[in-house]
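Chemist: Right, I'll just put the structure down here and ask away after.
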Amino acid sequence: MNRFALIARLAIVGTVLLSLIPLAWIASDYLALAPLVRKTDQPARGYDWVTWREADGLITAAYVFKRDQDDGAGLQEGDLFYRLDYRQYFKLEDLQRAIEGVPPGSIRTYSVLRGPQMEEVQVDVAFTRYPTFLYPLTPALWQFSVWGFVFGAFFHLIGLVIAGPLVRRSRTARFSLLLIVVSSLWIVGNLLRLLMVNVTGPPEAGSPADVVFQGLTFLGVVGWVGFPAMLLHKVLADAERVGGRRLGRLRVVIYLPVAVLGLAALLITVRGGLGPLSLHSLIAPILFYACCYIGAAAAFVLILYVFRPEAAEDFISGWPRAGSAIMLVFSLLFGLSILGVVPIFGAVTDTIVGWLVVCTQLLSIVPVILVSLAALKHGKIDQVLSRALTYLTALGLIFFAFVGGMALVEPYLLEAGISTTVVAGLYVVLLLVIFERLARRLRVYAAQFFATDRQQARQQLSRFQERMRAMMDFDTLARETMETVGEAFQIRSGRLFLRPAGLSGPWIDSAYHPEPPYLTERVMELVWPHLQREGAIWARKAELNESNLPDDLAYLLQERGVDLAVPILGDSAALGLLVLGPKRQRRAVYNLEDLDMLRALSGQLALAVERLNLFERERALVRESAEAQLSALRAQINPHFLFNALNTIVSLIEEYPEEAVEAVEHLAAIFRHTLHTGGRSFVSIQDEFALVSHYLSIEQARFGTRLHIERRLDPELRSSPVPAFAVQTLVENAVKHGLEKRRNGGTLRLHCQPTPDGLAEVIVADTGIGIPALFGQGETAVSDADFFGIGLRNVAARLDKLYGRDDLLRMFSDPERGTTVRLLLPLMAERNHFEPASRSTSTSIGHES
């Protein structure tokens with residue numbers, strides 16, 4: 001057994017025995033007085049709700065608690081005591097003993113001297129049970145008690161709301177929630193008693209209100225007795241984890257005073273008394289026990305800081321050393337004063353004692369909050385406080401608006417004979433409508449008031465999600481995601497793994513300020529199958545952890561400084577993992593609000609990955625389908641040309657058989673050329689001109705001397721690319737639709753030359769009948785027109801798809817001069833990236849088709 005375990009065990013036993021000292025004194029007095037009490041059947045302690053003060057041998061009513069039945073005829077402040085039930089008392093102690101001996105429910109007559117003339121006035125006063133743990137001694141003390149317990153209940157309610165979502169994940173959070181619930185019994189029980197007295201007055205003995213009042217008193221005692229033991233239990237559990245030694249069943253011993261005090265309170269409540277004992281008799285033992293246990297809890301925290309300072313600093317971050325020292329000193333002084341060792345209570349009045357007791361009751365909330373803060377800080381603190389502030393402010397404004405408004409209009413309503421009830425009801429409806437709008441406005445102001453780091457993080461993530469839609473590659477998405485997350489959550493390090501290609505694809509990763517030991521891809525491959533299958537967030541802190549990751553894998557992550565691992569879940573599979581280290585500030589931690597933001601970011605990131613996956617698949621499909629579509633366009637041209645060529649050969653066979661044979665040879669050359677070019681989209685201009693020569697030879701045989709042909713090809717452009725069959729189609733259209741329809745035929749001019757702006761210009765000019773649709777328009781860039789046939793329409797479509805331009809085909813037509821078609825082909829720099837350009841353009845084609 002190490003020193004820590006030995007000190008802990010001795011401290012536990014010593015604390016339990018020490019806390020039982022006042023109970024031992026009461027038990028001794030009980031054994032001595034019990035036989036006498038059985039004979040006299042002493043009733044419960046009575047109370048007249050008056051604070052009597054003695055000065056200069058006179059007993060005066062210093063404070064009288066207002067009751068509904070007084071109507072101004074009861075005792076008043078400043079009354080000079082004369083007699084009680086016609087019996088005089090000259091000392092305050094004697095009068096107080098007489099008042100305590102009056103049975104609750106009795107009515108006694110006071111004789112007092114009142115006014116300047118000191119007239120004797122007799123007043124009947126109804127006695128009630130003494131309100132244990134309540135101190136109606138002065139108006140200030142009473143109002144302080146009410147508002148103090150209101151705020152105490154408010155903080156407990158916030159604690160319950162924050163701790164509630166954490167209990168499913170963490171045993172620590174469950175114990176913190178139980179601690180807050182037990183403490184709430186005391187705070188809420190006392191608050192309800194205070195409100196009952198304020199609203200309905202002190203309950204009459206034996207009435208249903210008195211039964212409820214006594215039940216709430218017992219409930220409060222249970223909470224007041226229970227929470228110090230649970231507080232010490234919580235600190236001891238933390239001490240076991242930090243100190244590395246288990247205290248075993250010894251922790252059960254700390255509940256011994258709880259059992260004794262709880263049993264005594266239960267018997268007194270049920271029987272109305274336990275011999276000479278009443279609930280008031282338990283005040284000193286309960287206060288001393290609470291001081292012992294709260295002081296012991298503070299001492300254990302200090303011991304942890306002495307033996308394990310680093311572990312204590314990380315684990316008990318909500319209860320620092322300074323706070324522990326202050327709590328220990330306060331508990332020692334107050335506990336020793338109860339025993340009479342330090343004469344604090346003996347030197348002060350009952351009113352000061354009441355102030356001290358009430359303050360002690362309220363200050364006992366502090367260690368509960370501090371110990372629970374280690375778990376509560378992982379909850380939605382900012383969100384809960386913001387909403388609480390919003391609704392408290394709105395309800396407060398409505399309350400004051402209702403009270404003030406009705407106070408202003410009530411005199412006028414009474415004068416006019418209008419029912420105040422109806423007006424009040426309508427006024428409440430109006431205020432509720434206003435409340436709904438006011439609450440929305442206040443939520444905005446509250447969010448600005450609580451402009452915490454998490455609010456700023458939420459805004460940063462929202463802006464990033466807008467930018468995410470414009471990201472077109474995975475590397476940019478991963479890099480900017482980590483930069484945004486790192487700055488938004490102020491993390492020390494982090495890493496994002498994405499696997500967009502599926503289960504067997506490569507990882508795309510991005511790191512943010514990586515720190516050793518590094519989370520490598522090898523470790524990632526070990527934990528990924530489990531996290532991928534489970535799809536839940538893993539967290540180092542149990543309050544946030546949603547995953548059932550095996551201990552050995554969790555240890556791997558902890559060893560590498562991982563605080564959170566957030567899977568990125570797609571519709572059908574997990575797409576990656578976002579891994580975050582601790583925050584930069586030492587005491588800053590992740591909480592449920594952070595998890596909600598990260599979960600939302602994970603969903604947006606999964607959508608972005610799937611969007612990029614679809615984009616990549618679309619581009620792949622476009623690349624595959626582009627060539628097929630271009631081949632289909634060419635396939636439309638080939639049958640068209642073949643049909644025209646065969647018609648020409650048929651017309652020659654009977655009249656000019658030798659020329660028909662030559663035409664067949666030229667046709668065979670044309671198809672050899674087609675087979676040689678295969679499925680290529682482009683051929684050289686020289687090859688295209690050779691194809692045109694074979695075609696024109698066939699047409700020359702048909703036209704005879706009526707067809708005159710001029711050809712010129714610039715030698716520098718022979719190897720320049722041109723879309724296959726593009727020039728042949730233009731020549732064919734010039735012959736068939738221009739020259740053939742003129743009786744005397746005409747001239748076809750075919751030239752190819754460079755232009756000053758770096759293009760290759762192919763000119764196909766005929767002296768035919770022209771195109772009526774173009775008459776009088778000058779040269780026009782044409783991409784589609786009503787007069788286009790199959791050939792021209794396909795040439796225009798191919799130019800647009802291959803070059804992404806619709807101004808490369810230009811036409812001029814005149815009824816006298818014929819038609820001139822200029823085909824512009826990109827060269828130079830565009831030629832250098834010609835093949836890639838065709839693939840890029842093919843992407844667009846595939847998308848459109």
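Ordering of the structure tokens sets the chain letters (A, B, ...), residue numbers begin anew at 1 in every chain, and ligands are numbered from 1 in the order given.
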Tell me which protein, DNA and RNA residues are within 9 Å of A:Arg174, counting only C-alpha atoms, leaving out same-chain ones fewer than 6 positions away, and put them as a count of residues only.
Modeler: 5
Chemist: Need the shell around stretch 219-230 of chain A: protein/DNA/RNA residues with any atom at most 8 Å away, counting only C-alpha atoms. Skip same-chain ones fewer than 6 positions apart. Format as a ChimeraX atom specification?
Modeler: /A:179,182-190,254-255,258,261-262,265,286,290,293-294
Chemist: Among stretch 105-297 of chain A, which residues does DSSP mark as helix (DSSP H, G or I) when it is run on the backbone? Keep the chain and numbering as in the structure and answer as a PyMOL selection string.
Modeler: chain A and resi 139-166+171-200+208-243+248-271+279-297
Chemist: One decimal, in Å: what's the spacing between atom CA of A:Ser813 and atom CA of A:Ile763?
Modeler: 13.2 Å
Chemist: In Å to one decimal, how far is atom CA of A:Phe788 from atom CA of A:Gly704?
Modeler: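 One can read the atom CA of A:Gly704 to atom CA of A:Phe788 distance as 27.4 Å.
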Chemist: Report as JSON, numbers by chain all protein, DNA and RNA residues lying within 10 Å of A:Leu792, evaluated on only C-alpha atoms, omitting residues in the same chain fewer than 6 positions from it.
Modeler: {"A": [637, 726, 729, 730, 733, 783, 784, 785, 798, 809]}
Chemist: Kindly save the residues from that selection, with all heavy atoms included, as a JSON list (two decimals), in the first residue's frame.
Modeler:
```json
[["chain", "number", "residue", "atom", "x", "y", "z"],
["A", 637, "ILE", "N", -21.52, 10.87, -92.79],
["A", 637, "ILE", "CA", -21.00, 11.45, -94.02],
["A", 637, "ILE", "C", -20.66, 10.35, -95.04],
["A", 637, "ILE", "O", -20.95, 10.47, -96.24],
["A", 637, "ILE", "CB", -19.76, 12.30, -93.72],
["A", 637, "ILE", "CG1", -20.16, 13.50, -92.88],
["A", 637, "ILE", "CG2", -19.08, 12.76, -95.00],
["A", 637, "ILE", "CD1", -18.99, 14.35, -92.45],
["A", 726, "ALA", "N", -13.87, 16.98, -93.87],
["A", 726, "ALA", "CA", -14.47, 18.32, -93.79],
["A", 726, "ALA", "C", -14.35, 19.04, -95.14],
["A", 726, "ALA", "O", -15.34, 19.58, -95.66],
["A", 726, "ALA", "CB", -13.79, 19.13, -92.69],
["A", 729, "THR", "N", -16.41, 17.40, -97.95],
["A", 729, "THR", "CA", -17.85, 17.70, -97.86],
["A", 729, "THR", "C", -18.14, 19.08, -98.45],
["A", 729, "THR", "O", -19.14, 19.26, -99.17],
["A", 729, "THR", "CB", -18.30, 17.66, -96.39],
["A", 729, "THR", "OG1", -18.03, 16.37, -95.86],
["A", 729, "THR", "CG2", -19.79, 17.94, -96.28],
["A", 730, "LEU", "N", -17.27, 20.06, -98.17],
["A", 730, "LEU", "CA", -17.48, 21.40, -98.73],
["A", 730, "LEU", "C", -17.38, 21.39, -100.26],
["A", 730, "LEU", "O", -18.17, 22.04, -100.96],
["A", 730, "LEU", "CB", -16.45, 22.37, -98.14],
["A", 730, "LEU", "CG", -16.52, 22.59, -96.63],
["A", 730, "LEU", "CD1", -15.43, 23.56, -96.18],
["A", 730, "LEU", "CD2", -17.90, 23.11, -96.20],
["A", 733, "ASN", "N", -20.49, 19.75, -101.76],
["A", 733, "ASN", "CA", -21.65, 20.66, -101.77],
["A", 733, "ASN", "C", -21.52, 21.73, -102.85],
["A", 733, "ASN", "O", -22.51, 22.11, -103.49],
["A", 733, "ASN", "CB", -21.77, 21.33, -100.39],
["A", 733, "ASN", "CG", -22.61, 20.51, -99.44],
["A", 733, "ASN", "OD1", -23.82, 20.57, -99.45],
["A", 733, "ASN", "ND2", -21.93, 19.71, -98.63],
["A", 783, "SER", "N", -22.90, 28.59, -88.31],
["A", 783, "SER", "CA", -22.74, 27.32, -87.58],
["A", 783, "SER", "C", -23.93, 26.40, -87.80],
["A", 783, "SER", "O", -23.83, 25.19, -87.61],
["A", 783, "SER", "CB", -22.56, 27.57, -86.09],
["A", 783, "SER", "OG", -23.70, 28.24, -85.56],
["A", 784, "ASP", "N", -25.03, 26.98, -88.24],
["A", 784, "ASP", "CA", -26.22, 26.18, -88.54],
["A", 784, "ASP", "C", -27.17, 27.08, -89.33],
["A", 784, "ASP", "O", -27.28, 28.28, -89.07],
["A", 784, "ASP", "CB", -26.90, 25.69, -87.27],
["A", 784, "ASP", "CG", -27.96, 24.63, -87.56],
["A", 784, "ASP", "OD1", -27.98, 24.15, -88.72],
["A", 784, "ASP", "OD2", -28.73, 24.29, -86.65],
["A", 785, "ALA", "N", -27.82, 26.49, -90.30],
["A", 785, "ALA", "CA", -28.75, 27.27, -91.13],
["A", 785, "ALA", "C", -29.79, 26.34, -91.71],
["A", 785, "ALA", "O", -29.60, 25.12, -91.76],
["A", 785, "ALA", "CB", -27.98, 28.01, -92.23],
["A", 798, "ARG", "N", -19.03, 19.11, -86.01],
["A", 798, "ARG", "CA", -17.70, 18.60, -85.66],
["A", 798, "ARG", "C", -16.74, 19.73, -85.33],
["A", 798, "ARG", "O", -15.93, 19.63, -84.42],
["A", 798, "ARG", "CB", -17.17, 17.73, -86.80],
["A", 798, "ARG", "CG", -17.96, 16.43, -86.96],
["A", 798, "ARG", "CD", -17.57, 15.74, -88.25],
["A", 798, "ARG", "NE", -16.20, 15.30, -88.22],
["A", 798, "ARG", "CZ", -15.49, 15.00, -89.31],
["A", 798, "ARG", "NH1", -16.03, 15.14, -90.50],
["A", 798, "ARG", "NH2", -14.25, 14.60, -89.19],
["A", 809, "LEU", "N", -16.45, 28.43, -89.77],
["A", 809, "LEU", "CA", -17.02, 28.20, -91.10],
["A", 809, "LEU", "C", -17.73, 29.49, -91.55],
["A", 809, "LEU", "O", -18.70, 29.92, -90.93],
["A", 809, "LEU", "CB", -18.02, 27.04, -91.04],
["A", 809, "LEU", "CG", -18.57, 26.55, -92.39],
["A", 809, "LEU", "CD1", -17.44, 25.99, -93.26],
["A", 809, "LEU", "CD2", -19.65, 25.47, -92.17]]
```
Chemist: Return the single residue from A:Leu564, A:Val661, A:Ile653, A:Ala8 that is closest to A:Asn545, with distances computed using only C-alpha atoms.
Modeler: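 Under the stated criterion, the closest residue is A:Leu564.
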Chemist: Let me make sure I understand: among A:Arg97, A:Arg817, A:Arg83, A:His694, which one has the smallest atom-to-atom distance to A:Tyr110 if we use only C-alpha atoms?
Modeler: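 For A:Tyr110, the nearest of the candidates is A:Arg83.
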